[in-house]
Amino acid sequence: MKKLSARRRHPLAAVVVLLFALAATGGLYTAFAPASKAKAEDTAQSLTIEEGRKLYLVGCASCHGTGGQGTTDGPSLVGVGAAAVDFQVGTGRMPAQQPGAQIPRKKVIYNQAEIDQLAAYIASLGAGPNVPTKNQYSPEGADAAKGGELFRTNCAQCHNFTGKGGALTHGKYAPTLTGVSNKHIYEAMQTGPQNMPSFPDTLLTEKNKKEIIAYLDAVNGDETTTPGGMDLGGLGPVTEGLFAWIFGLGALVAVAVWVAARTAKAKKS
């Protein structure tokens with residue numbers, strides 16, 4: 001009887017076995033489930049990159065090279081990042097119709113899904129700025145007055161103090177910022193397209209970029225009014241003064257000629 005009693009299981013033995021089983025099951029899930037999820041994400045990303053490569057070979061490789069290394073007709077795209085692609089292709093500047101001093105903005109020929117695929121492929125060639133999130137470029141809560149100071153210090157020399165654009169040298173120009181989406185303005189500051197210098201977070205922080213966007217929204221938004229009447233594109237006192245000289249002085253000359261003619265005619269009669 002004693003021998004049989006010694007072999008009898010403890011009442012808590014079943015509970016211990018159950019806990020071990022649950023722990024083992026949880027451990028297996030922890031070990032394999034995240035790996036499966038990560039593998040699925042990697043597969044999806046690989047497919048996106050492959051689709052982007054196909055689009056690139058058709059629309060971009062003739063200028064930028066089959067591997068993005070660049071040619072005499074187009075610069076290298078290695079390391080420019082996804083943000084540069086989203087800006088250039090998303091504003092219609094790329095693919096370019098022909099090389100030139102300035103690539104103008106035109107109709108976009110790719111949809112956003114295709115742009116994302118192209119961006120993923122170019123990003124795979126080398127690390128660069130990522131496409132910003134909506135929270136990064138949203139001007140909500142940003143200080144527009146501070147943005148005005150930053151814009152006049154860093155941007156107005158080329159883009160004019162309200163972002164209307166302006167001429168540069170050798171056929172180049174700073175494009176107008178009116179009607180440009182907040183995301184593309186942010187990406188332009190990140191990547192420095194064409195003649196524009198780049199402003200990484202070490203020069204203009206994410207907060208600074210949001211403030212500049214808030215300022216541009218304030219001066220060029222749909223609800224912005226110009227109480228002074230016709231603003232001549234906001235080009236400033238030099239242009240406005242030139243307008244006054246040309247038309248004002250011209251009107252004075254015309255009046256002087258008319259008065260002189262009338263006076264001469266009166267003397268003759």
# chains A, B, ... in the order shown; residues from 1 in each chain; ligands from 1

call {"tool": "residues_around", "arguments": {"residues": "stretch 106-115 of chain A", "least_positions_apart": "4", "cutoff": "10 Å", "atoms": "only C-alpha atoms", "output": "PyMOL selection string"}}
result
chain A and resi 48+51-52+55+82+85-97+119-121

call {"tool": "select_by_dssp", "arguments": {"residues": "stretch 30-251 of chain A", "states": "strand (DSSP E or B)", "output": "list in words"}}
result
Thr71, Gly74, Gly166, Ala167, Tyr173 and Ala174 of chain A

call {"tool": "residues_around", "arguments": {"residues": "A:Val219", "least_positions_apart": "4", "cutoff": "7 Å", "atoms": "only C-alpha atoms", "output": "ChimeraX atom specification"}}
result
/A:162,215,224

call {"tool": "closest_residue", "arguments": {"among": "A:Ser76, A:Ser198, A:Ser181, A:Thr43", "to": "A:Asn154", "atoms": "only C-alpha atoms"}}
result
A:Ser198

call {"tool": "closest_residue", "arguments": {"among": "A:Ala144, A:Gln190, A:Gln102, A:Trp245", "to": "A:Ala174", "atoms": "only C-alpha atoms"}}
result
A:Gln102

call {"tool": "residues_around", "arguments": {"residues": "A:Val180", "least_positions_apart": "5", "cutoff": "12 Å", "atoms": "only C-alpha atoms", "output": "ChimeraX atom specification"}}
result
/A:87,90-92,105,163-164,175,185-188,213,216-217,220-221

call {"tool": "write_last_selection", "arguments": {"atoms": "N, CA and C atoms", "output": "short mmCIF file (atom, residue, chain, number, x, y, z; two decimals), in the first residue's frame"}}
result
data_model
loop_
_atom_site.label_atom_id
_atom_site.label_comp_id
_atom_site.auth_asym_id
_atom_site.auth_seq_id
_atom_site.Cartn_x
_atom_site.Cartn_y
_atom_site.Cartn_z
N PHE A 87 8.74 63.89 -54.76
CA PHE A 87 8.64 65.29 -55.17
C PHE A 87 8.75 65.44 -56.69
N GLY A 90 5.98 63.35 -58.40
CA GLY A 90 4.66 63.80 -57.95
C GLY A 90 4.29 65.19 -58.41
N THR A 91 5.26 65.98 -58.84
CA THR A 91 4.96 67.31 -59.40
C THR A 91 5.05 67.31 -60.92
N GLY A 92 5.31 66.16 -61.52
CA GLY A 92 5.36 66.06 -62.98
C GLY A 92 6.68 66.49 -63.59
N ARG A 105 7.46 72.29 -63.91
CA ARG A 105 6.36 71.48 -63.37
C ARG A 105 5.34 71.24 -64.49
N GLY A 163 6.69 83.92 -51.73
CA GLY A 163 6.73 82.65 -52.47
C GLY A 163 6.19 82.72 -53.87
N LYS A 164 6.22 83.90 -54.49
CA LYS A 164 5.71 84.03 -55.86
C LYS A 164 6.72 83.59 -56.92
N PRO A 175 10.68 78.56 -58.81
CA PRO A 175 9.26 78.47 -59.15
C PRO A 175 8.36 79.06 -58.07
N ILE A 185 6.31 70.83 -50.58
CA ILE A 185 7.15 71.90 -50.04
C ILE A 185 8.13 71.34 -49.02
N TYR A 186 7.62 70.46 -48.16
CA TYR A 186 8.48 69.83 -47.15
C TYR A 186 9.57 69.00 -47.83
N GLU A 187 9.19 68.23 -48.85
CA GLU A 187 10.17 67.40 -49.56
C GLU A 187 11.21 68.24 -50.28
N ALA A 188 10.79 69.39 -50.81
CA ALA A 188 11.75 70.27 -51.47
C ALA A 188 12.80 70.77 -50.47
N ILE A 213 5.88 76.24 -43.71
CA ILE A 213 4.66 75.84 -44.42
C ILE A 213 3.45 76.60 -43.90
N LEU A 216 3.53 80.08 -45.47
CA LEU A 216 3.10 80.08 -46.87
C LEU A 216 1.60 79.87 -46.99
N ASP A 217 1.04 79.04 -46.12
CA ASP A 217 -0.42 78.86 -46.12
C ASP A 217 -1.11 80.17 -45.75
N ASN A 220 -0.56 82.69 -48.88
CA ASN A 220 -1.02 82.25 -50.19
C ASN A 220 -2.24 81.33 -50.15
N GLY A 221 -2.85 81.21 -48.99
CA GLY A 221 -4.00 80.33 -48.87
C GLY A 221 -5.22 80.85 -49.59
#
